[in-house]
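J.: Contents are compact mmCIF, C-alpha atoms; file name query_35.txt:
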```txt
# COMPACT_ATOMS: atom_id res chain seq x y z
CA MET A 271 -13.02 -45.86 27.98
CA THR A 272 -9.50 -45.34 29.33
CA THR A 273 -8.29 -41.76 29.54
CA HIS A 274 -4.83 -41.35 28.05
CA ARG A 275 -2.31 -39.34 30.06
CA LEU A 276 0.21 -37.47 27.95
CA ASP A 277 3.12 -35.23 28.80
CA ARG A 278 3.22 -32.03 26.79
CA GLY A 279 6.19 -33.16 24.72
CA THR A 280 4.25 -36.18 23.49
CA ALA A 281 1.18 -34.05 22.79
CA ARG A 282 3.25 -31.57 20.78
CA ARG A 283 4.84 -34.32 18.72
CA VAL A 284 1.42 -35.85 18.04
CA ALA A 285 0.18 -32.44 16.85
CA VAL A 286 3.22 -31.75 14.66
CA ARG A 287 3.17 -35.15 13.00
CA ALA A 288 -0.60 -34.97 12.43
CA GLN A 289 -0.11 -31.72 10.52
CA LEU A 290 2.61 -33.27 8.32
CA LEU A 291 5.25 -30.97 9.79
CA ASP A 292 7.75 -33.58 10.95
CA ALA A 293 10.79 -34.60 8.90
CA HIS A 294 8.83 -37.14 6.83
CA ARG A 295 7.49 -34.66 4.28
CA PRO A 296 4.65 -35.62 1.94
CA THR A 297 5.12 -35.49 -1.82
CA ASP A 298 1.56 -35.35 -3.15
CA LEU A 299 -0.76 -32.32 -2.99
CA LEU A 300 -4.01 -34.28 -2.98
CA ALA A 301 -2.83 -36.62 -0.23
CA THR A 302 -1.73 -33.57 1.77
CA VAL A 303 -5.11 -31.81 1.47
CA ASP A 304 -6.84 -35.09 2.30
CA ARG A 305 -4.81 -35.38 5.52
CA LEU A 306 -5.25 -31.72 6.50
CA THR A 307 -8.95 -31.91 5.42
CA PHE A 308 -8.82 -28.40 3.96
CA LEU A 309 -6.71 -25.43 2.91
CA GLN A 310 -7.99 -22.04 4.01
CA LEU A 311 -8.16 -19.37 1.32
CA ASP A 312 -7.28 -15.83 2.33
CA PRO A 313 -6.50 -12.87 0.08
CA THR A 314 -3.59 -11.65 2.21
CA ALA A 315 -0.36 -12.32 0.33
CA ALA A 316 2.32 -10.41 2.24
CA VAL A 317 4.51 -13.47 1.70
CA ALA A 318 2.26 -15.80 -0.32
CA PRO A 319 -1.45 -16.66 -0.30
CA ASN A 320 -2.23 -18.85 2.68
CA ALA A 321 -3.24 -21.99 0.79
CA ASP A 322 -0.02 -21.90 -1.20
CA LEU A 323 2.13 -21.18 1.85
CA VAL A 324 0.59 -24.04 3.83
CA ALA A 325 1.09 -26.41 0.90
CA TRP A 326 4.71 -25.28 0.41
CA THR A 327 5.48 -25.73 4.11
CA ARG A 328 4.52 -29.39 3.74
CA LEU A 329 5.60 -30.21 0.19
CA GLY A 330 8.58 -27.91 -0.32
CA ASP A 331 9.90 -26.68 -3.66
CA GLY A 332 8.08 -29.43 -5.54
CA TYR A 333 4.80 -27.57 -4.97
CA ARG A 334 3.61 -24.93 -7.44
CA PRO A 335 0.43 -22.82 -7.11
CA SER A 336 -0.56 -24.09 -10.56
CA ASP A 337 -0.87 -27.56 -8.98
CA LEU A 338 -3.69 -26.29 -6.78
CA THR A 339 -5.38 -24.49 -9.68
CA ARG A 340 -5.26 -27.62 -11.82
CA ALA A 341 -6.67 -29.80 -9.04
CA LEU A 342 -9.55 -27.34 -8.54
CA GLU A 343 -10.41 -26.29 -12.08
CA GLN A 344 -9.36 -29.13 -14.36
CA ASP A 345 -9.13 -32.37 -12.42
CA ARG A 346 -11.96 -31.45 -10.04
CA ALA A 347 -10.14 -33.43 -7.37
CA LEU A 348 -10.68 -30.53 -4.95
CA PHE A 349 -13.52 -28.05 -4.52
CA GLU A 350 -13.73 -24.54 -3.08
CA HIS A 351 -16.57 -23.86 -0.67
CA ARG A 352 -16.92 -21.01 1.80
CA ALA A 353 -13.26 -19.97 1.52
CA LEU A 354 -11.95 -23.49 2.10
CA VAL A 355 -10.47 -25.95 -0.39
CA ARG A 356 -11.51 -29.52 0.39
CA PRO A 357 -11.09 -32.94 -1.24
CA MET A 358 -13.89 -33.63 -3.70
CA ALA A 359 -14.06 -37.08 -2.11
CA ASP A 360 -15.41 -35.35 1.04
CA LEU A 361 -18.25 -33.53 -0.76
CA GLY A 362 -20.87 -35.99 0.48
CA LEU A 363 -20.00 -35.06 4.07
CA TYR A 364 -21.28 -31.51 3.45
CA LEU A 365 -24.30 -31.98 1.18
CA ALA A 366 -26.81 -32.55 4.00
CA ASP A 367 -25.74 -29.34 5.74
CA MET A 368 -25.90 -27.48 2.42
CA ALA A 369 -29.46 -28.69 1.86
CA ALA A 370 -30.50 -27.43 5.32
CA TRP A 371 -28.85 -24.01 4.95
CA PRO A 372 -29.65 -21.35 6.09
CA THR A 373 -31.04 -21.83 9.55
CA GLU A 374 -30.91 -18.12 10.49
CA PRO A 375 -34.27 -16.36 9.97
CA VAL A 376 -32.78 -13.20 8.43
CA ARG A 377 -31.08 -15.19 5.67
CA ARG A 378 -34.10 -17.40 5.03
CA GLU A 379 -36.36 -14.35 4.80
CA TRP A 380 -34.01 -12.55 2.40
CA LEU A 381 -33.83 -15.58 0.13
CA ALA A 382 -37.61 -15.96 0.18
CA ALA A 383 -38.11 -12.30 -0.67
CA ASN A 384 -35.66 -12.63 -3.55
CA ASP A 385 -36.84 -15.92 -5.01
CA SER A 386 -37.34 -14.34 -8.45
CA PHE A 387 -33.76 -13.00 -8.25
CA ARG A 388 -32.56 -16.49 -7.32
CA ARG A 389 -34.35 -18.06 -10.29
CA TYR A 390 -32.92 -15.42 -12.63
CA VAL A 391 -29.35 -16.08 -11.44
CA LEU A 392 -29.75 -19.84 -11.86
CA ASP A 393 -31.18 -19.35 -15.37
CA ARG A 394 -28.38 -16.95 -16.27
CA LEU A 395 -25.73 -19.44 -15.15
CA ARG A 396 -27.50 -22.27 -16.95
CA GLU A 397 -27.40 -20.28 -20.19
CA ALA A 398 -23.95 -18.67 -19.97
CA GLY A 399 -22.01 -19.98 -16.97
CA PRO A 400 -19.41 -19.92 -15.63
CA LEU A 401 -19.65 -16.18 -15.00
CA LEU A 402 -18.06 -13.52 -12.84
CA SER A 403 -20.42 -11.85 -10.39
CA ARG A 404 -20.11 -8.57 -12.32
CA ASP A 405 -21.56 -10.31 -15.39
CA ILE A 406 -24.85 -10.94 -13.57
CA GLU A 407 -27.44 -8.17 -13.34
CA ASP A 408 -28.67 -7.16 -9.91
CA ARG A 409 -32.39 -7.94 -9.99
CA SER A 410 -32.85 -8.11 -6.24
CA VAL A 411 -36.27 -7.23 -4.90
CA VAL A 412 -34.99 -6.57 -1.38
CA PRO A 413 -31.36 -5.43 -0.91
CA TRP A 414 -29.19 -7.29 1.55
CA PRO A 415 -29.46 -5.42 4.90
CA SER A 416 -25.87 -4.87 5.96
CA THR A 417 -23.80 -1.92 7.10
CA GLY A 418 -20.55 -3.75 6.32
CA TRP A 419 -18.70 -4.55 3.10
CA THR A 420 -21.62 -6.70 1.86
CA ASN A 421 -24.02 -3.76 1.92
CA ASN A 422 -25.89 -3.57 -1.40
CA ARG A 423 -23.60 -6.21 -2.96
CA ASN A 424 -26.64 -8.24 -3.76
CA VAL A 425 -25.33 -10.38 -6.61
CA THR A 426 -22.25 -11.47 -4.67
CA GLN A 427 -24.31 -12.10 -1.55
CA LEU A 428 -26.84 -14.21 -3.42
CA LEU A 429 -24.09 -16.24 -5.09
CA GLU A 430 -22.52 -16.84 -1.68
CA PHE A 431 -25.88 -17.99 -0.33
CA LEU A 432 -26.59 -20.27 -3.28
CA SER A 433 -23.09 -21.73 -2.94
CA ALA A 434 -23.70 -22.38 0.77
CA ARG A 435 -26.93 -24.15 -0.25
CA GLY A 436 -25.18 -26.27 -2.88
CA GLU A 437 -27.13 -24.77 -5.79
CA VAL A 438 -24.15 -23.04 -7.39
CA ALA A 439 -20.43 -23.64 -7.05
CA ILE A 440 -17.15 -21.90 -7.71
CA ALA A 441 -15.95 -23.15 -11.09
CA GLY A 442 -12.60 -21.39 -11.06
CA ARG A 443 -10.97 -18.00 -10.93
CA ALA A 444 -10.13 -15.23 -13.35
CA GLY A 445 -7.19 -13.67 -11.56
CA ARG A 446 -8.44 -13.27 -8.01
CA GLN A 447 -12.11 -13.12 -9.01
CA ARG A 448 -14.26 -16.21 -8.62
CA THR A 449 -16.27 -17.62 -11.52
CA TRP A 450 -19.60 -19.22 -10.71
CA ASP A 451 -21.61 -22.01 -12.31
CA LEU A 452 -24.39 -24.42 -11.51
CA ALA A 453 -23.25 -26.91 -8.88
CA GLU A 454 -24.26 -29.81 -11.12
CA ARG A 455 -21.54 -28.74 -13.58
CA VAL A 456 -18.81 -28.60 -10.92
CA TYR A 457 -19.65 -31.37 -8.46
CA PRO A 458 -19.70 -35.04 -9.53
CA ALA A 459 -23.13 -36.35 -10.42
CA GLY A 460 -24.60 -38.88 -8.04
CA THR A 461 -22.44 -38.01 -5.03
CA PRO A 462 -23.99 -39.90 -2.09
CA VAL A 463 -25.37 -37.66 0.64
CA VAL A 464 -24.11 -38.75 4.05
CA PRO A 465 -26.86 -38.11 6.66
CA ALA A 466 -26.13 -34.99 8.72
CA GLU A 467 -25.41 -36.68 12.06
CA GLU A 468 -23.13 -39.31 10.53
CA ALA A 469 -21.44 -36.63 8.42
CA ARG A 470 -20.66 -34.58 11.53
CA ARG A 471 -19.19 -37.65 13.20
CA GLN A 472 -16.98 -38.44 10.22
CA ARG A 473 -15.88 -34.81 9.87
CA GLY A 474 -14.91 -34.78 13.54
CA GLU A 475 -12.86 -37.95 13.16
CA ARG A 476 -11.09 -36.60 10.08
CA LEU A 477 -10.42 -33.25 11.73
CA LEU A 478 -8.97 -34.91 14.84
CA ARG A 479 -6.70 -37.06 12.67
CA SER A 480 -5.38 -33.85 11.09
CA LEU A 481 -4.81 -32.18 14.47
CA GLY A 482 -3.72 -35.17 16.52
CA VAL A 483 -5.03 -33.69 19.74
CA ALA A 484 -7.79 -31.13 20.26
CA ARG A 485 -10.59 -30.04 22.53
CA ALA A 486 -14.04 -31.58 22.21
CA VAL A 487 -15.49 -28.20 21.23
CA VAL A 488 -13.49 -28.54 18.00
CA VAL A 489 -13.84 -32.26 17.21
CA GLY A 490 -16.80 -33.44 19.25
CA ASP A 491 -16.55 -37.00 20.57
CA ALA A 492 -13.96 -38.06 18.00
CA GLY A 493 -11.05 -40.16 19.21
CA GLU A 494 -10.45 -40.95 22.87
CA PRO A 495 -10.22 -38.81 26.02
CA ALA A 496 -6.83 -37.57 27.18
CA GLU A 497 -5.34 -35.47 29.94
CA ILE A 498 -2.24 -33.46 29.10
CA GLU A 499 0.36 -32.50 31.67
CA GLY A 500 0.19 -28.86 32.70
CA THR A 501 -3.27 -28.25 31.20
CA SER A 502 -6.74 -28.44 32.67
CA GLY A 503 -9.74 -30.37 31.45
CA VAL A 504 -10.08 -33.22 29.00
CA TRP A 505 -8.75 -33.35 25.47
CA ARG A 506 -9.52 -35.69 22.59
CA VAL A 507 -6.63 -37.59 21.02
CA ASP A 508 -6.38 -39.67 17.86
CA PRO A 509 -5.45 -43.12 19.24
CA ALA A 510 -3.72 -44.05 15.99
CA ALA A 511 -1.23 -41.24 16.68
CA LEU A 512 -0.13 -42.94 19.91
CA ASP A 513 1.73 -45.70 18.08
CA GLY A 514 5.10 -45.04 19.70
CA ALA A 515 6.78 -44.36 16.36
CA PRO A 516 10.00 -42.35 16.70
CA PHE A 517 9.67 -38.65 16.00
CA THR A 518 12.09 -36.74 13.80
CA GLY A 519 11.46 -33.03 13.55
CA ARG A 520 12.49 -30.23 11.22
CA THR A 521 12.42 -26.46 11.03
CA ALA A 522 9.51 -24.79 9.24
CA LEU A 523 8.12 -21.30 8.65
CA LEU A 524 4.36 -21.35 9.12
CA SER A 525 1.54 -19.21 7.81
CA PRO A 526 -0.30 -17.31 10.56
CA PHE A 527 -3.38 -19.30 9.42
CA ASP A 528 -1.60 -22.66 9.70
CA ARG A 529 -3.69 -25.11 11.71
CA LEU A 530 -0.80 -25.89 14.03
CA VAL A 531 -1.12 -22.34 15.40
CA HIS A 532 -4.61 -21.27 14.28
CA ASP A 533 -6.15 -22.15 17.65
CA ARG A 534 -4.23 -19.62 19.73
CA ARG A 535 -5.31 -21.09 23.06
CA ARG A 536 -4.18 -24.58 22.02
CA ALA A 537 -0.85 -23.15 20.83
CA LEU A 538 -0.38 -21.51 24.21
CA GLU A 539 -1.38 -24.59 26.20
CA LEU A 540 0.71 -27.11 24.25
CA PHE A 541 3.61 -25.00 22.95
CA ASP A 542 3.75 -21.99 25.34
CA PHE A 543 3.41 -19.98 22.13
CA ASP A 544 1.91 -16.51 22.40
CA TYR A 545 0.77 -15.18 19.04
CA ARG A 546 -1.75 -13.03 17.27
CA LEU A 547 -2.07 -11.87 13.68
CA GLU A 548 -1.30 -8.15 13.70
CA MET A 549 -2.29 -7.01 10.22
CA TYR A 550 -5.20 -5.06 11.74
CA VAL A 551 -3.10 -3.68 14.61
CA PRO A 552 -1.74 -0.13 14.17
CA LYS A 553 1.91 -0.35 13.12
CA ALA A 554 3.22 1.37 16.22
CA GLN A 555 1.44 -1.16 18.44
CA ARG A 556 2.64 -4.34 16.71
CA ARG A 557 4.90 -6.69 18.65
CA TRP A 558 5.91 -9.06 15.87
CA GLY A 559 4.88 -7.60 12.50
CA TYR A 560 2.11 -7.33 9.94
CA PHE A 561 2.21 -11.00 8.83
CA ALA A 562 4.76 -12.60 11.16
CA LEU A 563 5.48 -16.24 10.35
CA PRO A 564 5.60 -18.61 13.36
CA VAL A 565 8.79 -20.68 13.48
CA LEU A 566 8.54 -24.40 14.23
CA HIS A 567 11.72 -26.20 15.29
CA HIS A 568 11.18 -29.91 15.85
CA ASP A 569 8.33 -30.01 18.41
CA ARG A 570 8.61 -26.42 19.67
CA LEU A 571 7.36 -23.09 18.38
CA VAL A 572 10.39 -20.93 18.98
CA GLY A 573 9.79 -17.53 17.38
CA LYS A 574 8.33 -15.37 14.63
CA VAL A 575 9.78 -13.99 11.41
CA ASP A 576 8.48 -10.62 10.21
CA ALA A 577 8.91 -11.05 6.46
CA THR A 578 7.45 -9.53 3.30
CA ALA A 579 7.86 -10.61 -0.32
CA ASP A 580 8.80 -7.62 -2.46
CA ARG A 581 7.93 -9.09 -5.83
CA LYS A 582 8.83 -6.00 -7.85
CA GLY A 583 12.25 -5.78 -6.26
CA LYS A 584 12.63 -9.59 -6.19
CA VAL A 585 13.57 -9.42 -2.51
CA LEU A 586 12.37 -11.31 0.55
CA ARG A 587 12.57 -8.55 3.14
CA VAL A 588 13.02 -9.76 6.71
CA ASP A 589 12.41 -6.88 9.10
CA ALA A 590 12.85 -8.90 12.29
CA ILE A 591 13.44 -12.38 13.65
CA HIS A 592 11.80 -12.59 17.06
CA GLN A 593 13.30 -15.26 19.31
CA ASP A 594 10.88 -16.66 21.88
CA VAL A 595 13.79 -18.75 23.13
CA PRO A 596 17.46 -17.92 22.53
CA PHE A 597 18.50 -19.35 19.16
CA THR A 598 21.48 -21.64 19.14
CA GLY A 599 23.81 -21.44 16.17
CA GLU A 600 22.20 -24.59 14.77
CA LEU A 601 18.69 -23.17 15.12
CA ALA A 602 19.65 -19.80 13.60
CA ALA A 603 21.23 -21.59 10.64
CA ALA A 604 18.10 -23.73 10.18
CA VAL A 605 15.87 -20.63 10.15
CA HIS A 606 18.12 -18.94 7.57
CA ASP A 607 18.02 -22.10 5.45
CA GLU A 608 14.23 -21.98 5.50
CA LEU A 609 14.27 -18.32 4.51
CA ARG A 610 16.51 -19.14 1.56
CA ALA A 611 14.20 -21.99 0.56
CA LEU A 612 11.18 -19.68 0.82
CA ALA A 613 12.83 -16.98 -1.29
CA SER A 614 13.82 -19.55 -3.92
CA TRP A 615 10.28 -20.95 -4.10
CA LEU A 616 8.87 -17.43 -4.46
CA GLY A 617 11.33 -16.65 -7.25
CA LEU A 618 13.02 -13.89 -5.24
CA ALA A 619 16.70 -13.36 -5.94
CA GLU A 620 17.71 -11.81 -2.62
CA ILE A 621 17.03 -12.00 1.10
CA ARG A 622 17.41 -8.77 3.01
CA LEU A 623 17.98 -9.56 6.70
CA PRO A 624 17.74 -7.08 9.58
CA ALA A 625 20.95 -5.31 10.54
CA GLY A 626 22.91 -7.09 13.23
```
Can you turn what I pasted into structure tokens?
T.:
Amino acid sequence: MTTHRLDRGTARRVAVRAQLLDAHRPTDLLATVDRLTFLQLDPTAAVAPNADLVAWTRLGDGYRPSDLTRALEQDRALFEHRALVRPMADLGLYLADMAAWPTEPVRREWLAANDSFRRYVLDRLREAGPLLSRDIEDRSVVPWPSTGWTNNRNVTQLLEFLSARGEVAIAGRAGRQRTWDLAERVYPAGTPVVPAEEARRQRGERLLRSLGVARAVVVGDAGEPAEIEGTSGVWRVDPAALDGAPFTGRTALLSPFDRLVHDRRRALELFDFDYRLEMYVPKAQRRWGYFALPVLHHDRLVGKVDATADRKGKVLRVDAIHQDVPFTGELAAAVHDELRALASWLGLAEIRLPAG
């Protein structure tokens, strides 16, 4: 198989287009999630919850969080599993792994010791589901052995385990709290189970299509080998992305969890973009801010915006705009336009920019 040789500009454009961040914006939420393969759920909402922010960055003002809720809870076109939202059409690619879970002895032993607890939870859901975890009595025989936040949270831990096994599923949410039900009431009946090895191959191909270019450790043998100027080792590239189509970029504010920047090493190798999420860094030691938004301009990552949505005050507060490269007047105007669009989508009446 021929090894492709790409300059970094081409590799960046492949990555940006694969993530639906070029000028040709999508218009449909389900098609967007299908292309990205998933939306990551995270409770941090300094600006907006991650799944919503990622969707807005692609779809623009036409996207509403209620669209995602409807697709999950009413249409069942998407499903939530292990903090990721995926297309329901992809469910069969995960069922074999669910059936084999868990492989770790400590989890298998805890489930075995609590089999009566498991049967009680399934019966309770069958009779009254969907339910919040607090509506299920803790009848554990052996508590979950953790010193972290899961310590003695036996009901939640068991529900997480049964969800990972495909026995229960997240039916929806009441506020930020998940509601749980039997998987057979959430997932489509008769979904074909793709054998585990074939499922891994298909997941790798789909993931590479969403990334454009990635390391084999992320996507396996998907795609074709590539060498990228200025980097070492072999990459994998989606050959369909090397179609020579002209690239037209745009300016976008990204979530820190956005897959264009999520792999920090890849972002550094392809974009010369140094970044880390600093919400757990003491304030005095932060370089860019609690939830700094990476700034994409065409095929370059050019800076970070330290912004917070003050919903009570109806203000998008921008504490700093960090320029990794000097902003031209055109670039500065494009960033300000994106901030205005973000504030409008969030329903915030004002943008408060840093002095100077």
J.: When you count only C-alpha atoms, which of these residues is closest to Arg305 in chain A: A:Ala382, A:Leu478, A:Leu432, A:Ile440?
T.: A:Leu478
J.: Compare A:Leu348, A:Leu329, A:Ala459, A:Val317 by their minimum atom-to-atom distance to Val588 in chain A, counting all atoms listed in the file, and give me the closest one.
T.: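 Nearest candidate to Val588 in chain A out of A:Leu348, A:Leu329, A:Ala459, A:Val317: A:Val317.
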J.: Point out the residue among A:Ser502, A:Gln472, A:Ser403, A:Asn424 with the least atom-to-atom distance to Trp450 in chain A, counting all atoms listed in the file.
T.: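 Going through A:Ser502, A:Gln472, A:Ser403, A:Asn424 one by one, the smallest distance to Trp450 in chain A is for A:Ser403.
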J.: For Asp508 in chain A, which residue among A:Pro313, A:Pro552, A:Pro458, A:Gly474 is the nearest when counting all atoms listed in the file?
T.: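 For Asp508 in chain A, the nearest of the given residues is A:Gly474.
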J.: Please provide the set of residues having any atom within 7 Å of Arg356 in chain A, restricted to all atoms listed in the file, with same-chain residues fewer than 4 positions apart removed, written as a list in words.
T.: Val303, Thr307, Phe308, Leu309, Leu348, Phe349 and Glu350 of chain A
J.: Would you give me, as a Markdown table, each residue of range 313-363 of chain A having an atom within 9 Å of an atom of range 608-624 of chain A, along with its shortest atom pair and that distance in Å to one decimal, using only C-alpha atoms and sorting by chain and residue number?
T.:
```
| residue | atom | partner | partner_atom | distance |
| --- | --- | --- | --- | --- |
| A:Val317 | CA | A:Leu616 | CA | 8.5 |
| A:Ala318 | CA | A:Leu616 | CA | 8.0 |
| A:Trp326 | CA | A:Trp615 | CA | 8.4 |
| A:Thr327 | CA | A:Leu612 | CA | 8.9 |
| A:Gly330 | CA | A:Trp615 | CA | 8.1 |
| A:Asp331 | CA | A:Trp615 | CA | 5.8 |
| A:Gly332 | CA | A:Trp615 | CA | 8.9 |
| A:Tyr333 | CA | A:Trp615 | CA | 8.6 |
| A:Arg334 | CA | A:Trp615 | CA | 8.5 |
```
J.: If we count all atoms listed in the file, what is near Phe517 in chain A at a cut-off of 8 Å, once residues fewer than 5 positions away on the same chain are taken out, given as a list in words?
T.: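 Returned residues: Arg283, Arg287 and Asp292 of chain A.
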J.: Counting only C-alpha atoms, which residue out of A:Val585, A:Leu571, A:Leu512, A:Val551 sits closest to Arg275 in chain A?
T.: A:Leu512
J.: So the first atom is CA of Pro357 in chain A and the second is CA of Ala369 in chain A; what is the distance between them in Å, to one decimal place?
T.: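 According to the coordinates, CA of Pro357 in chain A and CA of Ala369 in chain A are separated by 19.1 Å.
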J.: Point out the residue among A:Arg506, A:Arg556, A:Lys574, A:Arg423 with the least atom-to-atom distance to Phe543 in chain A, counting all atoms listed in the file.
T.: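 With all atoms listed in the file as the atom set, the closest residue is A:Lys574.
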J.: May I ask for the distance between CA of Arg435 in chain A and CA of Trp371 in chain A, given in Å to one decimal place?
T.: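 Rounded to one decimal, the two atoms are 5.5 Å apart.
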J.: Which value, in Å to one decimal, gives the distance between CA of Ser433 in chain A and CA of His351 in chain A?
T.: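 One can read the CA of Ser433 in chain A to CA of His351 in chain A distance as 7.2 Å.
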J.: If I only have part of range 369-382 of chain A, can you fill in N, CA, C and O atoms and write it as a compact mmCIF listing (two decimals), in the frame of the given file?
T.:
```txt
# COMPACT_ATOMS: atom_id res chain seq x y z
N ALA A 369 -28.03 -28.62 2.13
CA ALA A 369 -29.46 -28.69 1.86
C ALA A 369 -30.28 -28.02 2.96
O ALA A 369 -31.38 -27.51 2.70
N ALA A 370 -29.77 -28.01 4.18
CA ALA A 370 -30.50 -27.43 5.32
C ALA A 370 -30.21 -25.95 5.52
O ALA A 370 -30.84 -25.30 6.36
N TRP A 371 -29.27 -25.40 4.76
CA TRP A 371 -28.85 -24.01 4.95
C TRP A 371 -29.80 -23.07 4.21
O TRP A 371 -30.26 -23.39 3.11
N PRO A 372 -30.12 -21.87 4.80
CA PRO A 372 -29.65 -21.35 6.09
C PRO A 372 -30.66 -21.68 7.19
O PRO A 372 -31.83 -21.89 6.94
N THR A 373 -30.16 -21.65 8.41
CA THR A 373 -31.04 -21.83 9.55
C THR A 373 -31.43 -20.49 10.18
O THR A 373 -32.42 -20.42 10.90
N GLU A 374 -30.64 -19.44 9.89
CA GLU A 374 -30.91 -18.12 10.49
C GLU A 374 -32.10 -17.45 9.79
O GLU A 374 -32.13 -17.37 8.56
N PRO A 375 -33.07 -16.96 10.56
CA PRO A 375 -34.27 -16.36 9.97
C PRO A 375 -33.97 -15.23 8.99
O PRO A 375 -34.62 -15.14 7.94
N VAL A 376 -33.01 -14.35 9.30
CA VAL A 376 -32.78 -13.20 8.43
C VAL A 376 -32.33 -13.64 7.06
O VAL A 376 -32.73 -13.05 6.04
N ARG A 377 -31.52 -14.69 6.97
CA ARG A 377 -31.08 -15.19 5.67
C ARG A 377 -32.20 -15.91 4.93
O ARG A 377 -32.37 -15.75 3.72
N ARG A 378 -32.98 -16.70 5.67
CA ARG A 378 -34.10 -17.40 5.03
C ARG A 378 -35.11 -16.40 4.47
O ARG A 378 -35.64 -16.57 3.36
N GLU A 379 -35.39 -15.35 5.24
CA GLU A 379 -36.36 -14.35 4.80
C GLU A 379 -35.86 -13.59 3.58
O GLU A 379 -36.64 -13.29 2.67
N TRP A 380 -34.56 -13.28 3.55
CA TRP A 380 -34.01 -12.55 2.40
C TRP A 380 -34.06 -13.42 1.15
O TRP A 380 -34.41 -12.94 0.06
N LEU A 381 -33.74 -14.69 1.27
CA LEU A 381 -33.83 -15.58 0.13
C LEU A 381 -35.27 -15.72 -0.35
O LEU A 381 -35.53 -15.72 -1.57
N ALA A 382 -36.20 -15.83 0.57
CA ALA A 382 -37.61 -15.96 0.18
C ALA A 382 -38.09 -14.71 -0.54
O ALA A 382 -38.80 -14.80 -1.56
```
